[in-house]
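Visitor: I am sharing target30.cif, which consists of mmCIF, C-alpha atoms and all ligand atoms:
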```cif
data_work
loop_
_atom_site.label_atom_id
_atom_site.label_comp_id
_atom_site.auth_asym_id
_atom_site.auth_seq_id
_atom_site.Cartn_x
_atom_site.Cartn_y
_atom_site.Cartn_z
CA MET Q 8 -4.92 8.74 14.50
CA ALA Q 9 -6.72 5.52 15.26
CA GLU Q 10 -7.02 1.87 14.37
CA VAL Q 11 -10.55 1.27 13.07
CA GLU Q 12 -12.26 -2.07 13.45
CA LEU Q 13 -15.60 -3.21 12.06
CA ARG Q 14 -16.73 -6.31 13.91
CA ASN Q 15 -19.50 -8.42 12.31
CA VAL Q 16 -21.24 -5.35 10.93
CA THR Q 17 -24.55 -5.92 9.15
CA ARG Q 18 -26.78 -3.18 7.75
CA ARG Q 19 -30.08 -3.86 6.02
CA PHE Q 20 -32.40 -1.56 4.10
CA GLY Q 21 -35.69 -3.46 3.72
CA ASP Q 22 -34.87 -6.51 1.61
CA VAL Q 23 -31.40 -5.27 0.71
CA THR Q 24 -28.47 -6.33 2.87
CA ALA Q 25 -26.06 -3.48 2.19
CA LEU Q 26 -23.41 -4.94 4.54
CA ASP Q 27 -23.38 -8.58 5.45
CA ASN Q 28 -21.39 -9.52 8.56
CA VAL Q 29 -18.35 -7.43 7.63
CA SER Q 30 -15.28 -7.70 9.85
CA MET Q 31 -12.26 -5.61 8.95
CA THR Q 32 -9.37 -4.09 10.87
CA VAL Q 33 -7.88 -0.92 9.43
CA PRO Q 34 -4.47 -0.54 11.07
CA ASP Q 35 -3.50 2.84 12.51
CA GLY Q 36 -1.95 4.86 9.69
CA ALA Q 37 -3.29 2.62 6.91
CA PHE Q 38 -4.70 3.93 3.64
CA VAL Q 39 -7.54 1.52 2.87
CA VAL Q 40 -9.25 1.61 -0.51
CA LEU Q 41 -12.64 -0.06 -0.78
CA LEU Q 42 -13.34 -1.54 -4.20
CA GLY Q 43 -16.50 -2.95 -5.70
CA PRO Q 44 -19.12 -2.01 -8.26
CA THR Q 45 -22.16 0.17 -7.58
CA GLY Q 46 -24.20 -1.20 -4.71
CA ALA Q 47 -21.37 -3.30 -3.22
CA GLY Q 48 -21.61 -1.46 0.13
CA LYS Q 49 -18.66 0.94 0.01
CA THR Q 50 -20.50 4.12 1.02
CA THR Q 51 -22.45 2.23 3.68
CA THR Q 52 -19.13 1.10 5.19
CA LEU Q 53 -17.95 4.72 5.45
CA ARG Q 54 -21.27 5.75 6.98
CA MET Q 55 -20.95 3.04 9.64
CA VAL Q 56 -17.49 4.32 10.60
CA SER Q 57 -18.61 7.96 10.56
CA GLY Q 58 -21.63 7.38 12.77
CA LEU Q 59 -23.95 8.99 10.19
CA ASP Q 60 -25.66 5.59 10.11
CA LEU Q 61 -25.66 2.72 12.58
CA PRO Q 62 -25.31 -1.05 12.11
CA ASP Q 63 -28.29 -3.37 12.65
CA GLU Q 64 -25.81 -5.86 14.04
CA GLY Q 65 -22.16 -5.66 14.98
CA GLU Q 66 -20.03 -2.78 16.18
CA VAL Q 67 -17.38 -0.26 15.17
CA PHE Q 68 -14.31 0.34 17.35
CA PHE Q 69 -11.63 3.03 17.29
CA ASP Q 70 -8.49 1.89 19.10
CA GLY Q 71 -10.52 -0.83 20.76
CA ARG Q 72 -13.16 1.58 22.06
CA SER Q 73 -16.77 0.99 20.98
CA MET Q 74 -18.26 3.87 18.98
CA ALA Q 75 -21.83 2.58 19.37
CA SER Q 76 -23.11 5.48 21.45
CA LEU Q 77 -20.96 8.24 19.93
CA THR Q 78 -22.20 10.84 17.44
CA PRO Q 79 -20.23 11.69 14.27
CA SER Q 80 -18.70 14.75 15.91
CA GLN Q 81 -17.73 12.80 19.03
CA ARG Q 82 -16.02 10.24 16.80
CA ASN Q 83 -13.88 13.05 15.36
CA VAL Q 84 -13.91 11.83 11.75
CA ALA Q 85 -13.27 14.09 8.75
CA MET Q 86 -15.38 13.23 5.74
CA VAL Q 87 -15.26 14.12 2.07
CA PHE Q 88 -18.18 12.98 -0.01
CA GLN Q 89 -18.83 13.18 -3.74
CA GLN Q 90 -21.33 15.97 -3.30
CA TYR Q 91 -19.60 19.04 -1.94
CA SER Q 92 -21.06 20.55 1.17
CA LEU Q 93 -19.64 24.07 1.29
CA TYR Q 94 -21.12 27.16 2.88
CA PRO Q 95 -22.10 29.07 -0.27
CA HIS Q 96 -22.04 32.55 1.31
CA LEU Q 97 -18.50 32.09 2.67
CA THR Q 98 -15.24 32.60 0.78
CA VAL Q 99 -12.87 29.75 0.05
CA ARG Q 100 -10.66 30.98 2.90
CA ASP Q 101 -13.52 30.97 5.41
CA ASN Q 102 -14.81 27.61 4.20
CA LEU Q 103 -11.37 26.12 4.77
CA ALA Q 104 -10.99 27.81 8.15
CA PHE Q 105 -14.46 26.82 9.34
CA PRO Q 106 -13.61 23.46 10.96
CA LEU Q 107 -10.77 25.13 12.88
CA ARG Q 108 -12.93 27.97 14.24
CA SER Q 109 -14.95 25.69 16.48
CA PRO Q 110 -15.03 27.40 19.89
CA LEU Q 111 -14.00 24.11 21.50
CA LEU Q 112 -10.71 24.02 19.62
CA LYS Q 113 -9.63 27.58 20.48
CA THR Q 114 -7.13 27.55 17.62
CA PRO Q 115 -5.16 30.85 17.37
CA GLU Q 116 -5.92 32.84 14.18
CA GLU Q 117 -2.31 32.74 12.93
CA ILE Q 118 -2.27 28.94 13.09
CA ILE Q 119 -5.61 28.79 11.28
CA SER Q 120 -4.28 31.11 8.63
CA SER Q 121 -1.09 29.14 8.02
CA LYS Q 122 -2.92 25.79 7.88
CA VAL Q 123 -5.48 27.20 5.46
CA GLN Q 124 -2.73 28.62 3.25
CA MET Q 125 -0.79 25.35 3.23
CA VAL Q 126 -3.82 23.25 2.34
CA ALA Q 127 -4.95 25.73 -0.34
CA GLU Q 128 -1.54 25.53 -1.99
CA VAL Q 129 -1.46 21.74 -1.94
CA LEU Q 130 -4.91 21.68 -3.54
CA GLN Q 131 -3.97 24.37 -6.10
CA ILE Q 132 -6.78 26.65 -5.00
CA ALA Q 133 -4.80 29.44 -3.28
CA HIS Q 134 -5.52 31.92 -6.11
CA LYS Q 135 -9.27 31.61 -5.42
CA MET Q 136 -9.01 32.22 -1.67
CA ASP Q 137 -11.28 35.30 -1.69
CA ASN Q 138 -13.91 33.90 -4.05
CA LYS Q 139 -17.30 32.96 -2.68
CA ALA Q 140 -17.96 29.21 -2.86
CA THR Q 141 -20.76 29.88 -5.35
CA ALA Q 142 -18.24 31.37 -7.79
CA LEU Q 143 -16.27 28.12 -8.13
CA SER Q 144 -16.38 25.33 -10.68
CA GLY Q 145 -17.40 21.84 -9.58
CA GLY Q 146 -13.80 20.68 -9.44
CA GLU Q 147 -12.77 23.72 -7.37
CA MET Q 148 -15.62 23.13 -4.91
CA GLN Q 149 -14.51 19.55 -4.59
CA ARG Q 150 -10.97 20.67 -3.77
CA VAL Q 151 -12.28 23.00 -1.07
CA SER Q 152 -14.26 20.06 0.39
CA ILE Q 153 -11.07 18.00 0.52
CA GLY Q 154 -9.27 20.99 2.08
CA ARG Q 155 -11.84 21.29 4.84
CA ALA Q 156 -11.02 17.74 5.86
CA LEU Q 157 -7.26 18.20 5.54
CA VAL Q 158 -7.05 21.25 7.85
CA ARG Q 159 -8.28 19.04 10.67
CA ASP Q 160 -6.54 16.45 12.76
CA PRO Q 161 -9.18 13.73 13.03
CA SER Q 162 -9.08 10.12 14.26
CA VAL Q 163 -9.79 8.98 10.75
CA PHE Q 164 -10.39 10.46 7.31
CA LEU Q 165 -13.28 9.07 5.25
CA MET Q 166 -13.31 9.93 1.55
CA ASP Q 167 -15.91 8.81 -0.99
CA GLU Q 168 -14.57 9.27 -4.53
CA PRO Q 169 -13.05 12.65 -3.68
CA LEU Q 170 -11.17 13.05 -6.95
CA SER Q 171 -13.82 11.79 -9.36
CA SER Q 172 -15.02 15.22 -10.50
CA LEU Q 173 -11.53 16.50 -11.33
CA ASP Q 174 -9.78 16.49 -14.69
CA ALA Q 175 -7.08 13.89 -15.36
CA LYS Q 176 -4.08 16.16 -14.72
CA LEU Q 177 -5.38 17.51 -11.41
CA ARG Q 178 -6.45 14.04 -10.34
CA ALA Q 179 -2.94 12.75 -10.95
CA ASP Q 180 -1.41 15.70 -9.01
CA LEU Q 181 -3.79 15.33 -6.08
CA ARG Q 182 -3.28 11.58 -5.91
CA VAL Q 183 0.37 12.24 -5.19
CA GLU Q 184 -0.37 15.07 -2.73
CA LEU Q 185 -3.02 13.16 -0.78
CA LYS Q 186 -0.82 10.12 -0.54
CA SER Q 187 2.13 12.13 0.73
CA ILE Q 188 0.02 14.06 3.28
CA GLN Q 189 -1.41 10.78 4.53
CA SER Q 190 1.93 9.06 4.88
CA GLU Q 191 3.69 12.09 6.41
CA ARG Q 192 1.00 12.53 9.03
CA GLY Q 193 0.47 8.79 9.55
CA SER Q 194 -3.27 9.30 8.98
CA THR Q 195 -5.77 6.48 8.96
CA LEU Q 196 -7.82 6.85 5.80
CA LEU Q 197 -10.73 4.92 4.31
CA TYR Q 198 -11.21 5.77 0.69
CA VAL Q 199 -13.76 4.74 -1.92
CA THR Q 200 -12.88 4.82 -5.59
CA HIS Q 201 -13.67 3.14 -8.89
CA ASP Q 202 -10.29 4.22 -10.20
CA GLN Q 203 -7.81 1.34 -10.32
CA ILE Q 204 -4.79 3.61 -10.55
CA GLU Q 205 -5.85 5.36 -7.35
CA ALA Q 206 -6.27 2.00 -5.68
CA MET Q 207 -2.91 0.62 -6.79
CA THR Q 208 -0.88 3.77 -6.14
CA MET Q 209 -2.41 5.08 -2.92
CA ALA Q 210 -3.59 2.11 -0.91
CA THR Q 211 -1.63 0.31 1.75
CA HIS Q 212 -4.58 -2.11 1.91
CA VAL Q 213 -7.52 -2.89 -0.36
CA GLY Q 214 -10.89 -4.25 0.75
CA VAL Q 215 -12.91 -5.95 -1.97
CA LEU Q 216 -16.66 -5.83 -1.40
CA ASP Q 217 -19.13 -8.03 -3.26
CA ARG Q 218 -22.83 -7.42 -2.56
CA GLY Q 219 -22.20 -6.41 1.02
CA ARG Q 220 -19.60 -9.05 1.82
CA LEU Q 221 -15.91 -8.38 2.32
CA VAL Q 222 -14.41 -11.06 0.07
CA GLN Q 223 -10.72 -10.13 0.32
CA PHE Q 224 -8.59 -7.73 2.36
CA GLY Q 225 -4.87 -7.31 1.78
CA THR Q 226 -2.18 -5.17 0.23
CA PRO Q 227 -2.86 -4.13 -3.39
CA ARG Q 228 -0.04 -6.45 -4.39
CA GLU Q 229 -1.52 -9.44 -2.54
CA ILE Q 230 -4.88 -8.87 -4.17
CA TYR Q 231 -3.32 -8.41 -7.60
CA GLU Q 232 -1.00 -11.39 -7.33
CA ASN Q 233 -3.06 -13.72 -5.20
CA PRO Q 234 -6.76 -13.07 -5.79
CA VAL Q 235 -9.23 -15.42 -4.08
CA SER Q 236 -11.78 -15.41 -6.89
CA ILE Q 237 -12.56 -14.26 -10.42
CA TYR Q 238 -14.43 -11.37 -8.85
CA ALA Q 239 -11.45 -10.21 -6.76
CA ALA Q 240 -9.04 -10.73 -9.68
CA SER Q 241 -11.23 -8.57 -11.92
CA ARG Q 242 -11.20 -5.59 -9.53
CA LEU Q 243 -7.53 -4.72 -10.15
CA GLY Q 244 -5.49 -4.57 -13.33
CA GLN Q 245 -5.80 -2.55 -16.51
CA PRO Q 246 -6.39 -4.10 -19.04
CA ARG Q 247 -8.50 -6.54 -17.07
CA ILE Q 248 -7.53 -10.13 -16.41
CA ASN Q 249 -8.52 -12.54 -19.21
CA ILE Q 250 -10.99 -15.17 -18.02
CA LEU Q 251 -11.12 -18.11 -20.43
CA PRO Q 252 -12.23 -21.76 -20.47
CA ALA Q 253 -9.84 -23.74 -18.26
CA ASP Q 254 -8.73 -26.15 -21.02
CA LEU Q 255 -8.19 -23.59 -23.78
CA PHE Q 256 -4.44 -24.17 -23.65
CA GLY Q 257 -4.59 -27.88 -22.85
CA HIS Q 258 -4.71 -29.77 -19.57
CA ALA Q 259 -6.34 -28.01 -16.59
CA PRO Q 260 -6.35 -29.06 -12.91
CA ASN Q 261 -9.29 -31.13 -11.64
CA GLY Q 262 -12.36 -29.05 -10.89
CA ALA Q 263 -11.14 -26.00 -12.85
CA THR Q 264 -13.64 -24.42 -15.20
CA HIS Q 265 -11.82 -21.15 -15.91
CA ILE Q 266 -8.25 -20.03 -16.39
CA GLY Q 267 -7.33 -16.46 -15.44
CA LEU Q 268 -4.45 -14.78 -17.26
CA ARG Q 269 -3.25 -11.29 -16.52
CA PRO Q 270 -2.38 -9.54 -19.81
CA GLU Q 271 1.31 -9.55 -18.87
CA HIS Q 272 1.19 -13.27 -18.06
CA ILE Q 273 0.96 -14.46 -21.64
CA ARG Q 274 4.09 -15.78 -23.33
CA GLN Q 275 4.34 -14.85 -27.00
CA GLY Q 276 5.93 -16.87 -29.79
CA GLU Q 277 5.02 -20.37 -28.62
CA GLY Q 278 1.82 -22.30 -27.90
CA ILE Q 279 -1.62 -22.04 -29.46
CA PRO Q 280 -2.19 -19.79 -32.50
CA ALA Q 281 -4.25 -16.62 -32.00
CA THR Q 282 -5.22 -13.98 -34.55
CA VAL Q 283 -4.24 -10.37 -33.96
CA GLN Q 284 -7.46 -8.37 -34.15
CA ARG Q 285 -6.18 -4.94 -33.20
CA VAL Q 286 -2.92 -3.31 -32.14
CA GLU Q 287 -3.48 -0.48 -29.66
CA ARG Q 288 -0.45 1.77 -29.30
CA LEU Q 289 -0.45 3.74 -26.04
CA GLY Q 290 3.05 5.21 -26.26
CA ASP Q 291 4.84 3.47 -23.40
CA GLN Q 292 3.04 0.22 -24.05
CA THR Q 293 1.20 -1.55 -26.83
CA ARG Q 294 -1.86 -3.70 -26.25
CA LEU Q 295 -2.69 -6.61 -28.50
CA HIS Q 296 -6.28 -7.69 -28.87
CA LEU Q 297 -6.24 -11.30 -29.97
CA ARG Q 298 -8.87 -13.84 -30.91
CA MET Q 299 -8.71 -17.56 -30.19
CA ASP Q 300 -11.77 -19.39 -31.54
CA SER Q 301 -14.61 -17.34 -30.16
CA HIS Q 302 -12.54 -15.91 -27.28
CA GLU Q 303 -10.96 -12.50 -26.99
CA VAL Q 304 -7.62 -12.25 -25.26
CA THR Q 305 -5.80 -9.03 -24.39
CA THR Q 306 -2.08 -8.92 -23.85
CA VAL Q 307 0.67 -6.32 -23.70
CA THR Q 308 3.75 -6.22 -25.84
CA ASP Q 309 6.77 -4.17 -26.76
CA ALA Q 310 5.87 -0.55 -27.63
CA HIS Q 311 7.60 -0.89 -31.01
CA THR Q 312 6.07 -4.18 -32.10
CA GLU Q 313 5.86 -4.76 -35.85
CA LEU Q 314 2.72 -6.89 -35.48
CA THR Q 315 -0.37 -5.77 -37.38
CA GLY Q 316 -4.00 -6.85 -37.55
CA GLY Q 317 -4.68 -10.21 -39.23
CA GLU Q 318 -1.33 -11.79 -38.31
CA THR Q 319 -1.07 -14.98 -36.30
CA LEU Q 320 0.74 -15.07 -32.97
CA ARG Q 321 1.33 -18.17 -30.87
CA ILE Q 322 0.64 -17.69 -27.16
CA SER Q 323 0.82 -19.75 -23.98
CA PRO Q 324 -0.02 -19.11 -20.32
CA GLN Q 325 2.53 -17.98 -17.78
CA ASN Q 326 1.54 -17.96 -14.08
CA PRO Q 327 -2.12 -18.79 -14.73
CA TYR Q 328 -4.81 -18.88 -12.03
CA PHE Q 329 -7.50 -21.56 -12.10
CA PHE Q 330 -11.05 -21.08 -10.81
CA ASP Q 331 -13.94 -23.46 -10.19
CA ALA Q 332 -17.51 -23.14 -11.42
CA SER Q 333 -18.44 -20.76 -8.58
CA GLY Q 334 -15.53 -18.46 -9.46
CA ASP Q 335 -13.37 -19.40 -6.45
CA ARG Q 336 -9.66 -19.80 -6.96
CA ILE Q 337 -8.50 -23.40 -6.72
CA PHE Q 338 -4.95 -23.15 -8.04
N1 LIG C 1 -30.55 4.87 2.75
C1 LIG C 1 -30.76 3.77 2.00
N2 LIG C 1 -31.99 3.29 1.78
C2 LIG C 1 -32.21 2.17 1.05
N3 LIG C 1 -31.22 1.44 0.47
C3 LIG C 1 -29.96 1.88 0.63
C4 LIG C 1 -29.66 3.04 1.39
N4 LIG C 1 -28.30 3.22 1.38
C5 LIG C 1 -27.79 2.21 0.65
N5 LIG C 1 -28.78 1.39 0.19
C6 LIG C 1 -28.59 0.18 -0.61
O1 LIG C 1 -27.54 -0.57 -0.06
C7 LIG C 1 -26.70 -1.13 -1.07
C8 LIG C 1 -25.27 -0.65 -0.89
O2 LIG C 1 -25.21 0.75 -1.16
P1 LIG C 1 -23.88 1.61 -1.09
O3 LIG C 1 -24.26 3.03 -1.37
O4 LIG C 1 -23.15 1.32 0.15
O5 LIG C 1 -23.07 1.03 -2.33
P2 LIG C 1 -21.73 1.58 -2.99
O6 LIG C 1 -20.82 0.40 -3.10
O7 LIG C 1 -21.23 2.74 -2.23
O8 LIG C 1 -22.21 2.02 -4.44
P3 LIG C 1 -21.77 3.32 -5.34
O9 LIG C 1 -20.48 2.94 -5.98
O10 LIG C 1 -22.89 3.42 -6.31
O11 LIG C 1 -21.68 4.50 -4.41
C9 LIG C 1 -27.32 -0.71 -2.40
O12 LIG C 1 -28.14 -1.77 -2.86
C10 LIG C 1 -28.14 0.50 -2.03
O13 LIG C 1 -29.23 0.64 -2.92
#
```
Written as structure tokens, that's how I'd like the structure from this file.
Guide:
Amino acid sequence: MAEVELRNVTRRFGDVTALDNVSMTVPDGAFVVLLGPTGAGKTTTLRMVSGLDLPDEGEVFFDGRSMASLTPSQRNVAMVFQQYSLYPHLTVRDNLAFPLRSPLLKTPEEIISSKVQMVAEVLQIAHKMDNKATALSGGEMQRVSIGRALVRDPSVFLMDEPLSSLDAKLRADLRVELKSIQSERGSTLLYVTHDQIEAMTMATHVGVLDRGRLVQFGTPREIYENPVSIYAASRLGQPRINILPADLFGHAPNGATHIGLRPEHIRQGEGIPATVQRVERLGDQTRLHLRMDSHEVTTVTDAHTELTGGETLRISPQNPYFFDASGDRIF
């Protein structure tokens, strides 16, 4: 596996700057999740690493070696994209075996067969081994696409929302499987998702992209606990961080226009009165939707709370963040 470095990478499409001077080092064996809304530049980043597209400026390195003149196959990357790219006339077994049957690799058939079987079991697709790809559901095709990457031993895996077409149960299972395969093999993996749980549970590092710029790179915990801006703070955490006027609870530091409060960072029983709008019971946790003047505030409370809509609850900030008018963290 390899360390992957993007050095001052810029990619433009006409007037759009899809990536704007991005520098990022993905350590060997890291699981990096790229976060950002549609258009932030996540897929473009993967395409730069894969060699399917080239930077206008800057360079990509694997283990310190420039990839500028290397094709995708020379870079030895394994990719999984949202749209599955299977060979429709081949069975699941042959689709999975395909990357290993390259004449260059000369992999013995019994090794191919055991790798294919192992990957099919992990992806819960072994019972469909003899089906043609055309006879699979969307979620099954997606699992075969993931499998075709996992049978290989590439420098880096690149995955663009690989679990998004699967149902919740399978997604949860495969999250665990992918993470354990990655950490057992020490694979370097760049992964795009909109799913916060995937980001928090799988990533060793998170890169936050905002309109082509990498605004923060760190462990999920660093980004969650020490976000550099409102934008970065809003990328992780469910329910989302509350962003409120800085002085809503009283004195605010100089220059602060907004206070940021994670739902779990609100002390209950003292402070400013808020009205309970709605009590949302999720089983292991209960969310309270509160109103303070014209502001909505979400917090979490004991699963067995007796609170009901219409009641008043006093709240005060605990570990607040403060941001300036441009959204940057100042305290
Ligand atoms: N081939 C292309 N031609 C023109 N514009 C492009 C091309 N590829 C990407 N872009 C533009 O570059 C920007 C970044 O796109 P990119 O696909 O990297 O975003 P993304 O973060 O992956 O979004 P999504 O979550 O929707 O996949 C967008 O404004 C997009 O429209």
Visitor: Select the residues contacting ligand LIG 1 (chain C) at a distance of at most 8 Å, based on all atoms listed in the file, then format the selection as a PyMOL selection string.
Guide: chain Q and resi 19-21+23-26+42-52+167+199-201+216+218-219
Visitor: Tell me which protein, DNA and RNA residues are within 10 Å of segment 301-315 of chain Q, counting all atoms listed in the file, leaving out same-chain ones fewer than 4 positions away, and put them as a PyMOL selection string.
Guide: chain Q and resi 246-252+255+268-275+281-297+319-320+322
Visitor: I'd like the box whose edges run along x, y and z of the file and which contains every listed atom of segment 324-335 of chain Q, padded by 4 Å per side; could you state its centre and edge lengths in Å, one decimal, as JSON?
Guide:
```
{"center_x": -8.0, "center_y": -20.7, "center_z": -13.4, "size_x": 29.0, "size_y": 13.5, "size_z": 21.9}
```
Visitor: Just the residues within 10 Å of Pro169 of chain Q, please, counting all atoms listed in the file, with nothing from its chain fewer than 2 positions along; format it as a list of chain:residue names.
Guide: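 After dropping sequence-adjacent residues, the list is Q:Met86, Q:Val87, Q:Phe88, Q:Gln89, Q:Gln90, Q:Tyr91, Q:Gly146, Q:Gln149, Q:Arg150, Q:Ser152, Q:Ile153, Q:Leu165, Q:Met166, Q:Asp167, Q:Ser171, Q:Ser172, Q:Leu173, Q:Arg178, Q:Leu181, Q:Tyr198, Q:Val199, Q:Thr200.
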Visitor: Could you turn the residues from that selection into a file that holds C-alpha atoms, as a CSV table (one decimal), in the frame of the given file?
Guide:
```
chain,number,residue,atom,x,y,z
Q,86,MET,CA,-15.4,13.2,5.7
Q,87,VAL,CA,-15.3,14.1,2.1
Q,88,PHE,CA,-18.2,13.0,0.0
Q,89,GLN,CA,-18.8,13.2,-3.7
Q,90,GLN,CA,-21.3,16.0,-3.3
Q,91,TYR,CA,-19.6,19.0,-1.9
Q,146,GLY,CA,-13.8,20.7,-9.4
Q,149,GLN,CA,-14.5,19.6,-4.6
Q,150,ARG,CA,-11.0,20.7,-3.8
Q,152,SER,CA,-14.3,20.1,0.4
Q,153,ILE,CA,-11.1,18.0,0.5
Q,165,LEU,CA,-13.3,9.1,5.2
Q,166,MET,CA,-13.3,9.9,1.6
Q,167,ASP,CA,-15.9,8.8,-1.0
Q,171,SER,CA,-13.8,11.8,-9.4
Q,172,SER,CA,-15.0,15.2,-10.5
Q,173,LEU,CA,-11.5,16.5,-11.3
Q,178,ARG,CA,-6.4,14.0,-10.3
Q,181,LEU,CA,-3.8,15.3,-6.1
Q,198,TYR,CA,-11.2,5.8,0.7
Q,199,VAL,CA,-13.8,4.7,-1.9
Q,200,THR,CA,-12.9,4.8,-5.6
```
Visitor: May I ask which of the residues Q:Arg182, Q:His265, Q:Arg72, Q:Arg159 is the closest one to Ile337 of chain Q, counting only C-alpha atoms?
Guide: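 Closest to Ile337 of chain Q, using only C-alpha atoms: Q:His265.
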Visitor: Model the absent atoms of segment 26-39 of chain Q so that N, CA and C atoms are present, and write the result as an mmCIF file, in the coordinates of the input.
Guide:
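Produced file out_38.cif, reproduced below:
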```
data_model
loop_
_atom_site.group_PDB
_atom_site.id
_atom_site.type_symbol
_atom_site.label_atom_id
_atom_site.label_comp_id
_atom_site.auth_asym_id
_atom_site.auth_seq_id
_atom_site.Cartn_x
_atom_site.Cartn_y
_atom_site.Cartn_z
ATOM 1 N N LEU Q 26 -24.654 -4.367 3.981
ATOM 2 C CA LEU Q 26 -23.410 -4.940 4.540
ATOM 3 C C LEU Q 26 -23.787 -6.217 5.260
ATOM 4 N N ASP Q 27 -23.017 -7.265 4.982
ATOM 5 C CA ASP Q 27 -23.380 -8.580 5.450
ATOM 6 C C ASP Q 27 -22.246 -9.147 6.318
ATOM 7 N N ASN Q 28 -22.335 -8.925 7.616
ATOM 8 C CA ASN Q 28 -21.390 -9.520 8.560
ATOM 9 C C ASN Q 28 -19.931 -9.163 8.222
ATOM 10 N N VAL Q 29 -19.694 -7.879 8.024
ATOM 11 C CA VAL Q 29 -18.350 -7.430 7.630
ATOM 12 C C VAL Q 29 -17.453 -7.243 8.854
ATOM 13 N N SER Q 30 -16.308 -7.901 8.825
ATOM 14 C CA SER Q 30 -15.280 -7.700 9.850
ATOM 15 C C SER Q 30 -14.006 -7.253 9.152
ATOM 16 N N MET Q 31 -13.441 -6.162 9.627
ATOM 17 C CA MET Q 31 -12.260 -5.610 8.950
ATOM 18 C C MET Q 31 -11.489 -4.766 9.962
ATOM 19 N N THR Q 32 -10.187 -4.943 10.000
ATOM 20 C CA THR Q 32 -9.370 -4.090 10.870
ATOM 21 C C THR Q 32 -8.495 -3.202 10.006
ATOM 22 N N VAL Q 33 -8.680 -1.905 10.159
ATOM 23 C CA VAL Q 33 -7.880 -0.920 9.430
ATOM 24 C C VAL Q 33 -6.772 -0.482 10.383
ATOM 25 N N PRO Q 34 -5.525 -0.899 10.132
ATOM 26 C CA PRO Q 34 -4.470 -0.540 11.070
ATOM 27 C C PRO Q 34 -4.276 0.975 11.171
ATOM 28 N N ASP Q 35 -3.807 1.417 12.316
ATOM 29 C CA ASP Q 35 -3.500 2.840 12.510
ATOM 30 C C ASP Q 35 -2.517 3.281 11.426
ATOM 31 N N GLY Q 36 -2.851 4.351 10.724
ATOM 32 C CA GLY Q 36 -1.950 4.860 9.690
ATOM 33 C C GLY Q 36 -2.112 4.196 8.330
ATOM 34 N N ALA Q 37 -3.103 3.305 8.200
ATOM 35 C CA ALA Q 37 -3.290 2.620 6.910
ATOM 36 C C ALA Q 37 -4.125 3.478 5.966
ATOM 37 N N PHE Q 38 -3.895 3.298 4.688
ATOM 38 C CA PHE Q 38 -4.700 3.930 3.640
ATOM 39 C C PHE Q 38 -5.474 2.795 2.980
ATOM 40 N N VAL Q 39 -6.752 2.652 3.359
ATOM 41 C CA VAL Q 39 -7.540 1.520 2.870
ATOM 42 C C VAL Q 39 -8.463 1.971 1.748
#
```
